[in-house]
Structures are given as C-alpha cells and as structure tokens.
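The block underneath contains the structure these notes are about, expressed in structure tokens.
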Amino acid sequence: MRKNAKVVQILLDSLPFIRIFRGQVIVIKYGGAAQINPELKEKFALDIVMMYMLGLKPVIIHGGGKRITQMLETLNIKSEFVDGYRVTCLDSMKIVEMVLSGEINKELTAFLNFHGAKAVGVSGKDAHLLEAVAKDNGKFGYTGHITKVNPEFLHNIINDNFVPIIAPIATGESSGHPGYNINADIAACEIAKALKAQKIVFLSDIQGVLDSEGNLFSSLTPTEIQTLQNNGVIYGGMIPKLQACVDCVQNGVQKAHIIDGRVEHSLLLELFTTQGIGTEICNDQIMQD
C-alpha cells in the first residue's frame, strides 16, 4: 500500500508541470549514449511517447557524431574537429548524410512508431526546412551555418499530431549542392527559435555543466557562461552546445536544459519533477526576476 501511495504522490507532483507544458512545443536534441545504448534508446522512446500522450509536442533533432566517426574510420576518410565543430570534406559529407538521414533517423522513427507515437523522419533538406551557407567562409568545408528555417513545414507536421524527427542536414545554395553538415546542437537551437518553443533540452553524456572541481551547476545565465568560457572551465564540444543554449534563451525560448542522457528516463525527470537532474540555462533577466 505504501508503494502504491508513493506512486500516486509522484503522479500528483507532476500535475503542475503537465498543466504548464501541455500543448507546448518542446525541442529535444538527442545524442550521446542515449543514442547508442539499446536500453537507453528504448527508455528515450518511452519518454517521448509519454510526453506525446500527455499532450506535449516534442520535436527531436538528433546527432550522430560517434557513428559518423566510426564509419569515416572504416572507410579511411580523415576527419578532425576544430572548436567542437567537425571539418567536413566532400567525401565526409556523403557519409554524414548517409548515417544521419539513412540510418539514425529511420531507426529512431521506427522506435517511436513501435511504442505508440506517430513519428515521421525528415532531413533538413526536406521542404527547405534548413538552408545554410559554409561556416566561417569555408574554414570547416561542408559544415554549414544556418541562414533560414522553414517553421511552417514543422507546424504542419505537428498539427497533424506527428512527432518530427530531424536529421541536421541543410540545403546548399544551388540545385547540385551536396548540402551542409550542421552541428545538431545549433540546428536544434535554430529550430527551437523558429517554432517559439517553450523549452529546449540537450541530452548529453555528462550530468550537465560542471565547475572546475566537477560539481554540477543547477542553473546558469549567459553572463555566467561567458565568464566560465573565458576562464577555460567550458571548452571543446561544450562550447557550441552552450552557445546554442544562450542563443535560444536570448531569442524567445524560455529555458534551455542540458541533462545526462545516460540516466534512464532523464527527460521525464527533468520536465516533470521539482528537482530536475541537469543544468538549466535562463536569460539573465529571468534570473533577476
């Protein structure tokens, strides 16, 4: 009986959050261990189905960096990162699109459909969802900088009660262009801004943002993030992730969250419990209020 009462209490505690988020767009960047570990894949799919059944409107943008790197190594194609961004040559671009659109996207779509959500997988090339130019004047090869997002396409999918699952590949400037590889964190940010999402959540392979001694920051502001970056506490792949968070909260998204995707049901814990499990990023003005 006590166990049953505890379950009921958990459900009751989640009601205020369900009330707030019902009908709202929640953008989720899916990556890291949650995308590789079979059990975590299953748990992630169930989290999305739960959100879907509760009336939330999840939009998923997935990465695939580890799988891309594995495939490039198998094919003996050189790959390197600069400031957390992959330098993408033409041969790499073909592999990037094959892995993201042809493998990971369809696998995740099948997972969600199997568990009861109506999911549809798309590429950023579809309906010119994402348009881009070469990042930093071509310094990163076919890694792109997003110039335009087509939110109407996604609104049509969402309004038909589908969960869009998006591969971060963008359309190039000409009809014969191979397209651009887009950092999935940045793609998620631009999509969240275009949809005026309530929240954006980044699944990562760490607890959240950590200080120099490995302690978790429960919340941060853009000003605090800049200080941490200047001091070298934030570096590498965390830089584009936090840049995306800051960009979101400064352009209409209420909050951004970085959570540990290695924790089972991390999405539900972050969205529907008071404690949460990761780091939330709020605009400076909100924190002052």
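Here's how to read the names in the structure tokens: chain A, B, ... by the order shown, residue numbers from 1 in each chain, ligand numbers from 1 in the order shown.
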
Within segment 64-119 of chain A, find each residue whose DSSP state, derived from the backbone, is alpha helix (DSSP H), and express the selection as a VMD selection string. chain A and resid 65 to 74 90 to 97 105 to 114

Now that the selection is made, can you save its residues with C-alpha atoms as a JSON list (two decimals), in the first residue's frame?
```json
[["chain", "number", "residue", "atom", "x", "y", "z"],
["A", 65, "GLY", "CA", 28.87, 12.10, -34.36],
["A", 66, "LYS", "CA", 30.20, 8.85, -32.92],
["A", 67, "ARG", "CA", 28.60, 6.71, -35.61],
["A", 68, "ILE", "CA", 29.84, 9.10, -38.33],
["A", 69, "THR", "CA", 33.38, 8.93, -36.93],
["A", 70, "GLN", "CA", 33.23, 5.11, -36.86],
["A", 71, "MET", "CA", 32.11, 4.99, -40.49],
["A", 72, "LEU", "CA", 34.75, 7.50, -41.62],
["A", 73, "GLU", "CA", 37.47, 5.49, -39.87],
["A", 74, "THR", "CA", 36.22, 2.28, -41.51],
["A", 90, "LEU", "CA", 33.07, 16.34, -49.74],
["A", 91, "ASP", "CA", 33.66, 12.61, -49.13],
["A", 92, "SER", "CA", 32.81, 13.09, -45.44],
["A", 93, "MET", "CA", 29.62, 14.92, -46.36],
["A", 94, "LYS", "CA", 28.33, 11.89, -48.26],
["A", 95, "ILE", "CA", 28.94, 9.69, -45.21],
["A", 96, "VAL", "CA", 27.42, 12.24, -42.83],
["A", 97, "GLU", "CA", 24.19, 12.31, -44.82],
["A", 105, "ASN", "CA", 16.87, 8.98, -38.40],
["A", 106, "LYS", "CA", 14.96, 5.95, -39.60],
["A", 107, "GLU", "CA", 15.96, 3.83, -36.62],
["A", 108, "LEU", "CA", 14.62, 6.41, -34.16],
["A", 109, "THR", "CA", 11.46, 6.91, -36.19],
["A", 110, "ALA", "CA", 10.80, 3.16, -36.10],
["A", 111, "PHE", "CA", 11.40, 3.05, -32.31],
["A", 112, "LEU", "CA", 8.82, 5.76, -31.63],
["A", 113, "ASN", "CA", 6.22, 4.34, -34.01],
["A", 114, "PHE", "CA", 6.61, 0.89, -32.45]]
```

Can you write out as a tab-separated table which residues of segment 10-114 of chain A fall within 6 Å of segment 132-149 of chain A, alongside each residue's closest atom pair and its distance in Å to one decimal, counting only C-alpha atoms and ordering rows by chain and ascending residue number?
```
residue	atom	partner	partner_atom	distance
A:Val87	CA	A:Phe140	CA	4.4
A:Thr88	CA	A:Tyr142	CA	5.0
A:Cys89	CA	A:Gly141	CA	5.4
```

So which residues touch Cys245 of chain A within 9 Å, counting only C-alpha atoms, skipping near sequence neighbours fewer than 2 positions away, as a compact mmCIF listing (two decimals) with N, CA and C atoms, in the first residue's frame?
```txt
# COMPACT_ATOMS: atom_id res chain seq x y z
N ASP A 185 23.43 20.56 -32.19
CA ASP A 185 23.04 21.50 -31.14
C ASP A 185 22.58 22.82 -31.73
N ILE A 186 23.32 23.29 -32.73
CA ILE A 186 22.96 24.55 -33.38
C ILE A 186 21.65 24.40 -34.16
N CYS A 189 18.80 24.52 -31.78
CA CYS A 189 18.58 25.89 -31.33
C CYS A 189 17.81 26.70 -32.36
N ILE A 200 14.00 23.92 -24.70
CA ILE A 200 14.87 23.08 -25.50
C ILE A 200 15.71 22.26 -24.53
N PHE A 202 18.87 19.40 -24.20
CA PHE A 202 20.00 18.73 -24.84
C PHE A 202 20.38 17.50 -24.02
N PRO A 222 23.56 33.49 -19.29
CA PRO A 222 24.54 33.76 -20.35
C PRO A 222 25.79 34.48 -19.85
N PRO A 240 29.93 24.88 -28.45
CA PRO A 240 28.76 25.07 -29.32
C PRO A 240 27.45 24.72 -28.63
N LYS A 241 27.48 23.75 -27.70
CA LYS A 241 26.24 23.38 -27.00
C LYS A 241 25.73 24.55 -26.16
N LEU A 242 26.64 25.19 -25.41
CA LEU A 242 26.23 26.31 -24.56
C LEU A 242 25.97 27.57 -25.37
N GLN A 243 26.67 27.73 -26.49
CA GLN A 243 26.36 28.85 -27.38
C GLN A 243 24.93 28.71 -27.90
N ASP A 247 21.90 31.35 -27.17
CA ASP A 247 21.17 31.91 -28.31
C ASP A 247 19.67 31.69 -28.16
N CYS A 248 19.30 30.50 -27.69
CA CYS A 248 17.87 30.19 -27.53
C CYS A 248 17.20 31.09 -26.49
N VAL A 249 17.78 31.16 -25.29
CA VAL A 249 17.12 31.90 -24.22
C VAL A 249 17.15 33.40 -24.45
N GLN A 250 18.03 33.86 -25.32
CA GLN A 250 18.05 35.28 -25.66
C GLN A 250 17.16 35.61 -26.84
N LYS A 255 13.52 28.44 -21.50
CA LYS A 255 14.64 27.82 -20.80
C LYS A 255 15.30 26.77 -21.69
N ALA A 256 16.59 26.61 -21.48
CA ALA A 256 17.34 25.52 -22.12
C ALA A 256 17.88 24.61 -21.03
N HIS A 257 17.97 23.33 -21.32
CA HIS A 257 18.40 22.35 -20.32
C HIS A 257 19.45 21.44 -20.93
N ILE A 258 20.51 21.17 -20.19
CA ILE A 258 21.49 20.14 -20.55
C ILE A 258 21.39 19.05 -19.50
N ILE A 281 19.51 26.68 -18.27
CA ILE A 281 20.05 27.97 -18.66
C ILE A 281 18.88 28.92 -18.87
N CYS A 282 18.90 30.03 -18.12
CA CYS A 282 17.85 31.04 -18.21
C CYS A 282 18.49 32.37 -18.60
```

Hey, which of A:Gly236, A:Thr221, A:Thr274, A:Leu268 ends up closest to Val82 of chain A? Count only C-alpha atoms.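 Closest candidate: A:Gly236.
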
Which neighbours of Met53 of chain A fall inside 10 Å, counting only C-alpha atoms, when residues of the same chain fewer than 4 positions from it are skipped, and could you give them as a PDB file with C-alpha atoms, in the first residue's frame?
```pdb
ATOM      1  CA  ARG A  22       0.530  20.579 -22.271  1.00  0.00           C
ATOM      2  CA  ASP A  47       9.797   9.153 -22.588  1.00  0.00           C
ATOM      3  CA  ILE A  48       8.829  10.725 -25.903  1.00  0.00           C
ATOM      4  CA  VAL A  49       5.695   8.592 -26.150  1.00  0.00           C
ATOM      5  CA  LYS A  57       4.504  18.489 -28.699  1.00  0.00           C
ATOM      6  CA  GLY A 116       2.795   4.218 -29.975  1.00  0.00           C
ATOM      7  CA  ALA A 117       3.780   7.705 -31.124  1.00  0.00           C
TER       8      ALA A 117
END
```
